[in-house]
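J.: Input data.cif, format and content: mmCIF, C-alpha atoms.
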```
data_query
loop_
_atom_site.label_atom_id
_atom_site.label_comp_id
_atom_site.auth_asym_id
_atom_site.auth_seq_id
_atom_site.Cartn_x
_atom_site.Cartn_y
_atom_site.Cartn_z
CA MET A 1 39.79 -14.05 -21.17
CA ALA A 2 36.81 -16.15 -20.23
CA GLU A 3 33.85 -14.45 -18.65
CA ARG A 4 31.37 -16.09 -16.32
CA ASN A 5 28.19 -14.60 -15.09
CA ALA A 6 27.59 -13.76 -11.47
CA GLU A 7 25.36 -16.75 -10.84
CA GLU A 8 28.10 -19.21 -11.74
CA VAL A 9 30.70 -17.69 -9.47
CA ARG A 10 28.60 -17.62 -6.30
CA GLU A 11 31.24 -19.81 -4.73
CA GLN A 12 31.64 -17.58 -1.70
CA PRO A 13 28.44 -17.65 0.33
CA LEU A 14 28.16 -14.83 2.83
CA THR A 15 28.99 -15.14 6.51
CA PRO A 16 25.71 -14.67 8.39
CA ALA A 17 25.20 -11.77 10.79
CA GLN A 18 24.57 -12.13 14.52
CA THR A 19 23.49 -9.63 17.13
CA ILE A 20 26.05 -7.28 18.63
CA GLY A 21 24.81 -8.56 22.01
CA PRO A 22 24.60 -6.62 25.26
CA PHE A 23 28.30 -6.42 26.13
CA TYR A 24 30.11 -4.52 23.41
CA GLY A 25 30.44 -1.34 25.45
CA PHE A 26 33.92 -2.19 26.70
CA ALA A 27 35.08 -2.94 23.18
CA LEU A 28 33.61 -0.91 20.34
CA PRO A 29 33.04 2.66 21.54
CA TYR A 30 36.15 4.86 21.42
CA PRO A 31 36.73 8.32 22.84
CA GLY A 32 36.51 10.24 19.56
CA GLY A 33 33.69 8.11 18.18
CA PRO A 34 30.86 10.59 18.63
CA VAL A 35 32.98 13.42 17.20
CA ILE A 36 32.65 13.05 13.44
CA VAL A 37 34.18 16.50 12.89
CA PRO A 38 36.14 18.09 15.74
CA ASP A 39 34.72 21.54 16.46
CA GLY A 40 31.86 20.83 14.06
CA ASP A 41 29.01 23.31 14.41
CA LEU A 42 26.24 20.73 14.10
CA ARG A 43 25.00 18.52 16.88
CA VAL A 44 22.87 15.56 15.84
CA HIS A 45 21.24 13.63 18.64
CA GLY A 46 18.33 11.37 19.44
CA THR A 47 16.98 8.41 21.34
CA VAL A 48 16.64 4.85 20.10
CA ARG A 49 13.32 3.32 21.18
CA ASP A 50 11.74 -0.11 20.92
CA GLY A 51 8.22 -1.15 20.01
CA ALA A 52 6.97 -0.33 23.50
CA GLY A 53 8.45 3.16 23.32
CA GLU A 54 11.15 2.27 25.83
CA ALA A 55 14.62 3.70 25.34
CA VAL A 56 17.16 1.13 24.10
CA PRO A 57 20.26 1.57 26.25
CA ASP A 58 22.32 -1.08 24.47
CA ALA A 59 22.33 0.07 20.87
CA LEU A 60 25.33 1.25 18.89
CA VAL A 61 24.74 3.93 16.28
CA GLU A 62 27.18 4.49 13.42
CA VAL A 63 27.09 7.37 10.96
CA LEU A 64 28.67 7.85 7.54
CA GLN A 65 28.22 11.14 5.76
CA ALA A 66 29.57 13.35 3.00
CA ASP A 67 31.75 16.36 3.72
CA PRO A 68 30.42 19.84 2.93
CA HIS A 69 31.47 19.32 -0.70
CA GLY A 70 29.43 16.13 -1.02
CA ARG A 71 32.38 13.74 -0.89
CA VAL A 72 31.70 10.56 1.09
CA GLY A 73 34.23 8.41 2.92
CA GLY A 74 36.17 10.52 5.36
CA LEU A 75 33.48 11.24 7.90
CA PHE A 76 32.45 8.39 10.20
CA GLY A 77 31.17 8.32 13.75
CA ARG A 78 30.20 5.75 16.35
CA CYS A 79 28.19 6.29 19.53
CA SER A 80 26.78 3.91 22.11
CA THR A 81 23.32 4.66 23.49
CA ALA A 82 24.30 3.68 27.03
CA PRO A 83 23.02 4.37 29.58
CA ALA A 84 19.74 6.06 28.60
CA GLY A 85 19.16 5.16 24.96
CA ARG A 86 20.57 8.45 23.72
CA PHE A 87 23.21 9.18 21.11
CA ALA A 88 24.82 12.47 20.08
CA PHE A 89 27.29 13.36 17.35
CA THR A 90 29.30 16.49 16.67
CA THR A 91 29.64 17.10 12.96
CA VAL A 92 29.06 19.49 10.07
CA ARG A 93 26.27 19.68 7.54
CA PRO A 94 27.12 17.54 4.50
CA GLY A 95 26.77 18.65 0.92
CA ALA A 96 24.51 16.91 -1.58
CA THR A 97 26.03 13.71 -2.93
CA GLY A 98 26.73 13.04 -6.59
CA ASP A 99 23.84 10.61 -6.96
CA GLY A 100 21.32 13.42 -6.67
CA CYS A 101 20.52 12.89 -3.02
CA ALA A 102 19.74 15.81 -0.76
CA PRO A 103 22.22 16.28 2.12
CA HIS A 104 21.85 13.38 4.55
CA LEU A 105 23.59 11.25 7.15
CA ALA A 106 23.56 7.46 6.70
CA PHE A 107 22.86 5.65 9.96
CA LEU A 108 23.50 2.07 11.01
CA VAL A 109 21.82 0.80 14.16
CA HIS A 110 23.12 -2.26 15.99
CA ALA A 111 21.56 -3.54 19.20
CA ARG A 112 21.04 -6.47 21.49
CA GLY A 113 17.94 -8.18 20.18
CA LEU A 114 18.68 -7.03 16.64
CA LEU A 115 20.04 -10.01 14.72
CA LEU A 116 21.01 -7.93 11.69
CA HIS A 117 21.73 -4.21 11.87
CA LEU A 118 19.41 -1.64 10.29
CA HIS A 119 20.15 1.14 7.80
CA THR A 120 18.34 4.44 8.04
CA ARG A 121 19.10 8.08 7.14
CA MET A 122 18.76 11.55 8.57
CA TYR A 123 17.67 14.38 6.27
CA PHE A 124 17.62 18.08 7.09
CA PRO A 125 14.46 20.06 7.76
CA ASP A 126 13.78 22.99 5.43
CA GLU A 127 16.12 21.61 2.79
CA PRO A 128 14.74 22.45 -0.67
CA LEU A 129 16.62 19.52 -2.26
CA ASN A 130 14.56 17.05 -0.20
CA ALA A 131 11.79 17.50 -2.75
CA TYR A 132 14.04 16.01 -5.45
CA ASP A 133 15.71 13.31 -3.38
CA PRO A 134 15.33 9.90 -5.08
CA VAL A 135 15.41 8.02 -1.77
CA LEU A 136 12.77 10.14 -0.04
CA ALA A 137 10.69 9.81 -3.20
CA LYS A 138 10.46 6.05 -2.56
CA VAL A 139 9.27 6.52 1.01
CA PRO A 140 5.52 6.71 1.56
CA ASN A 141 4.43 10.27 2.31
CA ASP A 142 3.12 9.51 5.75
CA ARG A 143 6.42 7.94 6.87
CA ARG A 144 8.86 10.45 5.41
CA HIS A 145 8.87 12.49 8.61
CA THR A 146 10.69 9.70 10.44
CA LEU A 147 13.79 10.50 8.34
CA ILE A 148 13.76 14.26 8.81
CA ALA A 149 15.47 15.74 11.83
CA VAL A 150 13.67 18.14 14.13
CA PRO A 151 15.46 21.32 15.24
CA ASP A 152 15.66 21.82 18.98
CA ARG A 153 17.81 23.83 21.31
CA ASP A 154 20.53 21.14 21.29
CA GLY A 155 20.81 20.96 17.51
CA LEU A 156 18.99 18.51 15.30
CA ARG A 157 17.11 15.60 16.80
CA LEU A 158 16.43 12.30 15.05
CA ASP A 159 14.73 9.73 17.22
CA ILE A 160 14.93 6.18 15.95
CA ARG A 161 12.03 3.87 16.55
CA LEU A 162 13.01 0.26 15.86
CA GLN A 163 9.39 -0.86 15.84
CA GLY A 164 6.18 1.10 15.55
CA SER A 165 3.39 1.04 18.05
CA GLY A 166 -0.18 -0.13 17.64
CA GLU A 167 -1.75 -1.82 14.66
CA THR A 168 -0.40 0.46 11.99
CA GLY A 169 3.02 1.06 13.51
CA GLY A 170 3.12 4.34 11.64
CA ASP A 171 5.72 5.89 13.93
CA GLU A 172 8.28 3.21 13.04
CA THR A 173 11.44 4.66 11.55
CA VAL A 174 11.89 3.97 7.86
CA PHE A 175 14.68 1.45 7.40
CA PHE A 176 16.33 0.64 4.12
CA ASP A 177 17.16 -2.53 2.27
CA VAL A 178 20.48 -1.47 0.83
CA MET B 179 30.28 6.58 -8.46
CA ALA B 180 30.54 3.75 -5.98
CA GLU B 181 30.05 0.20 -7.24
CA PRO B 182 26.71 -1.47 -6.49
CA LEU B 183 26.91 -4.54 -4.27
CA ARG B 184 25.55 -7.97 -5.07
CA ARG B 185 22.11 -8.39 -3.62
CA ASP B 186 22.04 -12.17 -3.75
CA GLY B 187 22.96 -14.49 -0.89
CA ARG B 188 21.61 -12.25 1.85
CA GLY B 189 19.09 -14.92 2.79
CA ALA B 190 21.92 -16.36 4.88
CA HIS B 191 21.30 -13.64 7.46
CA PRO B 192 18.84 -14.17 10.29
CA ASP B 193 15.30 -12.88 10.14
CA ARG B 194 15.11 -9.97 12.59
CA ASP B 195 11.83 -11.36 13.91
CA PHE B 196 12.92 -14.53 15.67
CA PRO B 197 10.63 -15.19 18.66
CA ALA B 198 12.86 -17.84 20.28
CA TYR B 199 15.33 -15.00 20.92
CA ARG B 200 12.95 -13.00 23.04
CA SER B 201 14.69 -9.64 22.81
CA THR B 202 13.85 -9.49 19.11
CA ALA B 203 10.13 -9.11 19.92
CA LEU B 204 10.14 -5.34 20.38
CA ARG B 205 13.27 -4.58 18.40
CA HIS B 206 12.46 -5.66 14.85
CA PRO B 207 10.70 -3.43 12.33
CA LYS B 208 7.21 -4.57 11.42
CA LEU B 209 6.91 -2.48 8.29
CA PRO B 210 8.69 -3.47 5.09
CA LEU B 211 12.15 -2.04 4.48
CA VAL B 212 12.36 0.48 1.65
CA PRO B 213 14.70 -0.69 -1.14
CA LEU B 214 17.65 1.62 -1.71
CA HIS B 215 19.37 1.10 -5.03
CA ASP B 216 22.87 2.40 -5.77
CA PRO B 217 23.07 4.99 -2.99
CA GLU B 218 26.43 6.72 -3.08
CA THR B 219 26.74 7.11 0.68
CA GLU B 220 25.98 3.52 1.69
CA LEU B 221 28.15 2.17 -1.12
CA THR B 222 31.18 4.01 0.20
CA ALA B 223 33.53 2.58 2.81
CA PRO B 224 34.08 4.75 5.86
CA PHE B 225 37.59 5.98 6.50
CA LEU B 226 38.29 4.70 9.96
CA GLY B 227 40.60 6.84 12.01
CA THR B 228 41.85 3.82 13.88
CA GLY B 229 45.06 5.37 15.06
CA PRO B 230 48.08 3.12 15.26
CA ILE B 231 47.33 -0.59 15.53
CA GLY B 232 50.18 -2.61 17.01
CA PRO B 233 50.90 -6.29 17.67
CA ILE B 234 49.51 -6.00 21.22
CA ASP B 235 46.10 -5.12 19.78
CA ALA B 236 45.96 -8.53 18.09
CA ASP B 237 47.36 -10.45 21.08
CA LEU B 238 44.68 -10.46 23.76
CA THR B 239 46.96 -12.48 26.04
CA ALA B 240 49.65 -9.77 26.11
CA GLN B 241 47.68 -6.69 27.11
CA HIS B 242 48.38 -6.93 30.85
CA ASP B 243 51.33 -7.59 33.13
CA GLY B 244 50.38 -11.21 33.70
CA THR B 245 49.14 -14.08 31.58
CA PRO B 246 45.40 -14.71 31.43
CA LEU B 247 43.97 -18.01 32.58
CA GLY B 248 42.48 -20.33 30.02
CA GLU B 249 43.26 -22.25 26.91
CA ARG B 250 45.53 -20.16 24.68
CA ILE B 251 44.37 -20.18 21.06
CA VAL B 252 45.22 -18.61 17.73
CA VAL B 253 42.27 -17.55 15.60
CA THR B 254 43.06 -16.75 11.99
CA GLY B 255 41.37 -16.64 8.63
CA GLN B 256 40.82 -14.77 5.42
CA VAL B 257 38.43 -11.90 4.84
CA ARG B 258 37.13 -11.88 1.27
CA ASP B 259 34.11 -10.70 -0.62
CA GLY B 260 31.39 -12.73 -2.26
CA ASN B 261 33.35 -12.76 -5.50
CA GLY B 262 36.29 -14.37 -3.75
CA THR B 263 38.44 -11.26 -3.75
CA PRO B 264 40.65 -11.07 -0.64
CA LEU B 265 40.14 -7.84 1.29
CA ALA B 266 43.44 -6.33 2.41
CA GLY B 267 43.79 -3.61 5.01
CA GLN B 268 40.43 -4.38 6.59
CA LEU B 269 39.84 -3.41 10.19
CA VAL B 270 38.77 -6.48 12.19
CA GLU B 271 37.48 -5.80 15.70
CA VAL B 272 36.86 -8.64 18.15
CA TRP B 273 35.55 -8.88 21.69
CA GLN B 274 34.78 -11.82 23.96
CA ALA B 275 34.22 -13.18 27.44
CA ASN B 276 37.17 -14.54 29.40
CA ALA B 277 37.87 -18.24 29.90
CA SER B 278 35.30 -18.35 32.71
CA GLY B 279 32.55 -16.85 30.59
CA ARG B 280 32.64 -13.35 32.07
CA TYR B 281 32.87 -10.11 30.08
CA ALA B 282 35.06 -7.30 31.38
CA GLN B 283 32.05 -5.01 31.34
CA ALA B 284 30.44 -3.71 34.52
CA GLU B 285 26.94 -4.71 33.41
CA ASP B 286 27.86 -8.40 33.13
CA ALA B 287 26.48 -9.87 36.35
CA HIS B 288 27.41 -13.50 35.68
CA ASP B 289 28.85 -15.00 38.85
CA ALA B 290 32.13 -16.05 37.28
CA PRO B 291 35.52 -14.54 38.04
CA LEU B 292 36.99 -11.61 36.18
CA ASP B 293 40.56 -12.12 35.06
CA PRO B 294 42.81 -9.15 35.87
CA ASN B 295 45.03 -10.22 33.00
CA PHE B 296 42.35 -10.35 30.35
CA THR B 297 40.17 -7.64 28.85
CA GLY B 298 38.94 -9.50 25.79
CA VAL B 299 39.19 -6.76 23.16
CA GLY B 300 41.33 -6.98 20.05
CA ARG B 301 41.72 -5.47 16.64
CA CYS B 302 43.95 -5.80 13.65
CA LEU B 303 44.17 -5.00 9.97
CA THR B 304 44.12 -7.78 7.40
CA ASP B 305 47.37 -8.27 5.48
CA GLU B 306 47.79 -8.21 1.71
CA HIS B 307 46.14 -11.64 1.44
CA GLY B 308 43.15 -10.58 3.50
CA THR B 309 44.39 -12.59 6.48
CA TYR B 310 43.73 -11.62 10.08
CA ARG B 311 45.26 -13.31 13.12
CA PHE B 312 44.52 -13.03 16.83
CA THR B 313 46.06 -14.71 19.85
CA THR B 314 43.62 -15.04 22.72
CA VAL B 315 42.13 -17.53 25.17
CA LYS B 316 39.11 -19.64 24.41
CA PRO B 317 36.06 -17.88 25.87
CA GLY B 318 33.81 -19.78 28.23
CA PRO B 319 30.08 -20.30 27.73
CA TYR B 320 27.85 -18.18 29.92
CA PRO B 321 24.25 -18.13 31.09
CA TRP B 322 21.63 -15.58 30.06
CA ARG B 323 17.98 -15.09 30.85
CA ASN B 324 16.34 -15.83 27.54
CA HIS B 325 14.80 -19.10 28.76
CA ASP B 326 15.24 -21.76 31.44
CA LYS B 327 18.86 -23.00 31.57
CA ALA B 328 19.87 -20.74 28.71
CA TRP B 329 23.61 -20.84 28.03
CA ARG B 330 25.34 -19.18 25.11
CA PRO B 331 27.84 -21.41 23.34
CA ALA B 332 31.38 -20.06 23.53
CA HIS B 333 31.86 -17.37 20.88
CA ILE B 334 34.00 -14.44 19.79
CA HIS B 335 32.25 -11.32 18.44
CA PHE B 336 33.60 -9.96 15.14
CA SER B 337 33.02 -6.57 13.53
CA LEU B 338 34.05 -5.79 9.93
CA PHE B 339 33.40 -3.04 7.39
CA GLY B 340 34.23 -4.41 3.94
CA THR B 341 34.33 -2.11 0.95
CA ALA B 342 31.09 -0.25 1.67
CA PHE B 343 28.85 0.77 4.57
CA ALA B 344 26.34 -1.68 3.06
CA ALA B 345 28.87 -4.51 3.38
CA ARG B 346 29.21 -4.00 7.14
CA LEU B 347 29.06 -7.18 9.20
CA ILE B 348 28.79 -7.84 12.91
CA THR B 349 28.68 -11.50 13.77
CA GLN B 350 29.89 -14.20 16.16
CA MET B 351 32.40 -17.00 15.63
CA TYR B 352 31.68 -20.30 17.33
CA PHE B 353 33.88 -23.28 18.21
CA PRO B 354 33.46 -26.69 16.60
CA GLY B 355 31.48 -29.39 18.37
CA ASP B 356 29.90 -27.19 21.03
CA PRO B 357 26.99 -29.15 22.58
CA LEU B 358 25.10 -25.90 23.24
CA PHE B 359 24.46 -25.15 19.55
CA PRO B 360 20.98 -26.74 19.31
CA TYR B 361 19.77 -24.82 22.36
CA ASP B 362 21.02 -21.38 21.36
CA PRO B 363 18.37 -19.24 19.64
CA VAL B 364 20.94 -16.65 18.57
CA MET B 365 22.87 -19.19 16.56
CA GLN B 366 19.69 -20.99 15.46
CA SER B 367 18.32 -17.70 14.13
CA VAL B 368 20.41 -18.59 11.10
CA THR B 369 18.03 -21.23 9.86
CA ASP B 370 19.98 -22.66 6.92
CA PRO B 371 22.27 -25.37 8.37
CA ALA B 372 24.97 -24.68 5.80
CA ALA B 373 24.94 -20.98 6.63
CA ARG B 374 25.01 -21.77 10.35
CA GLU B 375 28.06 -23.95 9.78
CA ARG B 376 29.84 -20.94 8.25
CA MET B 377 29.85 -19.32 11.69
CA VAL B 378 31.80 -22.23 13.18
CA ALA B 379 35.59 -22.15 13.11
CA ALA B 380 37.60 -25.27 12.27
CA PHE B 381 40.42 -26.64 14.36
CA ASP B 382 43.50 -26.05 12.22
CA LEU B 383 46.81 -27.79 12.70
CA ASP B 384 48.53 -25.22 10.48
CA ALA B 385 47.42 -22.42 12.79
CA THR B 386 48.38 -24.45 15.86
CA VAL B 387 51.68 -23.43 17.45
CA ASP B 388 53.73 -26.26 18.99
CA GLN B 389 53.98 -26.02 22.80
CA TRP B 390 52.06 -22.75 22.74
CA ALA B 391 48.50 -22.57 21.37
CA THR B 392 45.87 -24.56 19.51
CA GLY B 393 44.75 -22.97 16.26
CA TYR B 394 41.37 -22.25 14.72
CA ARG B 395 40.65 -21.11 11.20
CA TRP B 396 37.62 -19.02 10.33
CA ASP B 397 37.16 -17.29 6.98
CA ILE B 398 34.75 -14.38 6.66
CA VAL B 399 32.86 -13.50 3.49
CA LEU B 400 31.38 -10.01 3.08
CA ARG B 401 29.15 -8.61 0.35
CA GLY B 402 31.11 -7.73 -2.75
CA PRO B 403 30.60 -5.70 -5.89
CA ASP B 404 27.92 -6.74 -8.34
CA ARG B 405 29.92 -6.98 -11.51
CA THR B 406 30.81 -9.55 -14.04
CA VAL B 407 33.69 -11.54 -12.65
CA PHE B 408 36.62 -12.38 -14.84
CA GLU B 409 38.82 -15.41 -14.45
CA HIS B 410 41.78 -13.44 -13.17
CA ASP B 411 39.67 -12.16 -10.25
CA LEU B 412 39.04 -15.65 -8.94
CA PRO B 413 41.16 -17.20 -6.21
CA GLY B 414 43.53 -20.03 -7.05
CA ASP B 415 43.34 -21.27 -10.62
CA GLY B 416 39.80 -20.01 -10.86
CA GLY B 417 38.44 -23.04 -12.67
CA ALA B 418 36.94 -22.80 -16.10
#
```
Written as structure tokens, how would this file's structure read?

T.:
Amino acid sequence: MAERNAEEVREQPLTPAQTIGPFYGFALPYPGGPVIVPDGDLRVHGTVRDGAGEAVPDALVEVLQADPHGRVGGLFGRCSTAPAGRFAFTTVRPGATGDGCAPHLAFLVHARGLLLHLHTRMYFPDEPLNAYDPVLAKVPNDRRHTLIAVPDRDGLRLDIRLQGSGETGGDETVFFDV
Amino acid sequence: MAEPLRRDGRGAHPDRDFPAYRSTALRHPKLPLVPLHDPETELTAPFLGTGPIGPIDADLTAQHDGTPLGERIVVTGQVRDGNGTPLAGQLVEVWQANASGRYAQAEDAHDAPLDPNFTGVGRCLTDEHGTYRFTTVKPGPYPWRNHDKAWRPAHIHFSLFGTAFAARLITQMYFPGDPLFPYDPVMQSVTDPAARERMVAAFDLDATVDQWATGYRWDIVLRGPDRTVFEHDLPGDGGA
């Protein structure tokens, strides 16, 4: 059996991405989309904002997470941010995954004006395993807070800032090159 | 443990900071992305509770009592990964404007008629060869406010998942020979001409149905696993 290295078989160049555009709302959201786990006891919500701090009412947020035992695959959610830039999911707290990561939710953000979607994550506040998480370890100290949800009376809040403000842009959400 | 994905070839995607498409100005991150290597979550494919998907879901001309106006077309192609492996059982979601260039969404204010017999939403699962197939009408071009006399070339939006969250793709399929291509910053955000061409379907006589519909073929390539590829994984005779 002949073997060829990956370079030589790059015969299938990728199809480029394009923006989701403004008018996906009649197509992609579905009634159960924001309910990752029916009757889940955790509500995760937030607002997607742009570089001016304005709410982004035409984003689509997708979530993939592990189940309470740390198994990934079965739990997926999708929520549009129409009409006020807000999203909310009903779910349960995941377990730690097998790669040594602290419990987290993987987020994908699509939006008009975003030519290629963005990956980010939500971690849990007061989670001791965060200190050992290999992904958080790669994030500069002063930006780590953008990945950690804030408890409020509605559950856990994770606001997503597509672009930071000012010169430093320090409030920009950490996005990942996966 | 989930398989890592190939990291090469992603230069085909647009830069998120593309000033000619004005809405990117405040919606692209300015700080560098943080590399994430071999994350279990993002390398897993979501299980999509799609519910039953029937033939009507893939025939956008058959979802209402009447027949939509416009040029009936078949759009078909193969979904495969960067290693050439066909992806079977993949959810393909599409949405589009009607033949007049109007979306069936309340926010679309374009002064073109809605079609009571056309919604413009479809989905299907790829078959064992990775093939998807939709029957629809050719969408019309429509104006937007990005710049003076801005018109989007006719396109169909596609959404796919692949074998991992990190292989997810949302993109647009265009029609061959559209004179609006050079003026469209969304399409031109893909700066490599060869990559741009990969978003354009080809007229296909094999997909054309006599006395019924013209056919277009458009293959879609998603990120695939980063592993040494053996001959038997390659499509066709593989070459040596």

J.: Please evaluate the PyMOL selection byres ((chain A and resi 161-175) around 10) against the displayed coordinates and give the resulting residues as a PyMOL selection string.

T.: (chain A and resi 47-56+107-109+111+114+118-121+139-140+142-147+158-160+176-178) or (chain B and resi 203-214)

J.: In the coordinate frame of the file, compute which residues have an atom within 9 Å of (43.9, -6.4, 28.0) when using only C-alpha atoms, and state them as a PyMOL selection string.

T.: chain B and resi 234-235+237-242+294-300

J.: As a check of understanding, name the residues that the PyMOL selection byres ((chain A and resi 153) around 12) selects in the supplied structure, as a PDB file with C-alpha atoms, keeping the file's coordinate frame.

T.:
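Below you can see result_2.pdb, which holds the result:
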```pdb
ATOM      1  CA  LEU A  42      26.240  20.730  14.100  1.00  0.00           C
ATOM      2  CA  ARG A  43      25.000  18.520  16.880  1.00  0.00           C
ATOM      3  CA  VAL A  44      22.870  15.560  15.840  1.00  0.00           C
ATOM      4  CA  HIS A  45      21.240  13.630  18.640  1.00  0.00           C
ATOM      5  CA  VAL A 150      13.670  18.140  14.130  1.00  0.00           C
ATOM      6  CA  PRO A 151      15.460  21.320  15.240  1.00  0.00           C
ATOM      7  CA  ASP A 152      15.660  21.820  18.980  1.00  0.00           C
ATOM      8  CA  ASP A 154      20.530  21.140  21.290  1.00  0.00           C
ATOM      9  CA  GLY A 155      20.810  20.960  17.510  1.00  0.00           C
ATOM     10  CA  LEU A 156      18.990  18.510  15.300  1.00  0.00           C
ATOM     11  CA  ARG A 157      17.110  15.600  16.800  1.00  0.00           C
TER      12      ARG A 157
END
```

J.: If the PyMOL selection byres ((chain B) within 7 of (chain A)) were run on this exact file, what residues would it hold? Put them as a ChimeraX atom specification.

T.: /B:187,190-192,194,201-202,204-208,211-215,217-220,222-226,260-262,273,283,299,344,347-350,373,376-377,398-401,406-409

J.: Excluding Val92 (chain A) and any residue of its chain fewer than 4 positions from it, enumerate the residues within 7 Å of it, using only C-alpha atoms, and give them as a PyMOL selection string.

T.: chain A and resi 37+40-42

J.: What does the distance from CA of Phe343 (chain B) to CA of Pro371 (chain B) come to in Å, to one decimal?

T.: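 One can read the CA of Phe343 (chain B) to CA of Pro371 (chain B) distance as 27.2 Å.
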
J.: Which neighbours of Arg184 (chain B) fall inside 8 Å, counting only C-alpha atoms, when residues of the same chain fewer than 4 positions from it are skipped, and could you give them as a PyMOL selection string?

T.: chain B and resi 401-405

J.: For the selection you just gave me, I'd like the residues written to a file as a PDB file, in the frame of the given file, keeping C-alpha atoms.

T.:
```pdb
ATOM      1  CA  ARG B 401      29.150  -8.610   0.350  1.00  0.00           C
ATOM      2  CA  GLY B 402      31.110  -7.730  -2.750  1.00  0.00           C
ATOM      3  CA  PRO B 403      30.600  -5.700  -5.890  1.00  0.00           C
ATOM      4  CA  ASP B 404      27.920  -6.740  -8.340  1.00  0.00           C
ATOM      5  CA  ARG B 405      29.920  -6.980 -11.510  1.00  0.00           C
TER       6      ARG B 405
END
```

J.: What separation in Å, quoted to one decimal, exists between CA of Asp216 (chain B) and CA of Asp126 (chain A)?

T.: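 Answer for the CA of Asp216 (chain B) to CA of Asp126 (chain A) separation: 25.1 Å.
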
J.: What is the CA of Pro319 (chain B)-CA of Thr369 (chain B) distance in Å, reported with one decimal?

T.: 21.6 Å

J.: Take the point (29.2, -17.5, 32.5) as written in the file and pick out every residue within 12 Å of it, counting only C-alpha atoms; give the list as an MDAnalysis selection string.

T.: chainID B and resid 274:282 286:292 317:323 327:333

J.: Which residue gives the smallest distance to Arg200 (chain B) among B:Ala266, B:Val364, B:Ala180, B:Ala385, with only C-alpha atoms counted?

T.: B:Val364

J.: Would you give the centre and edge lengths, in Å to one decimal, of a box along x, y and z around the listed atoms of region 95-105 of chain A, with 4 Å added to each side, as AutoDock Vina command-line options?

T.:
```
--center_x 23.3 --center_y 14.6 --center_z 0.1 --size_x 15.0 --size_y 16.0 --size_z 22.1
```
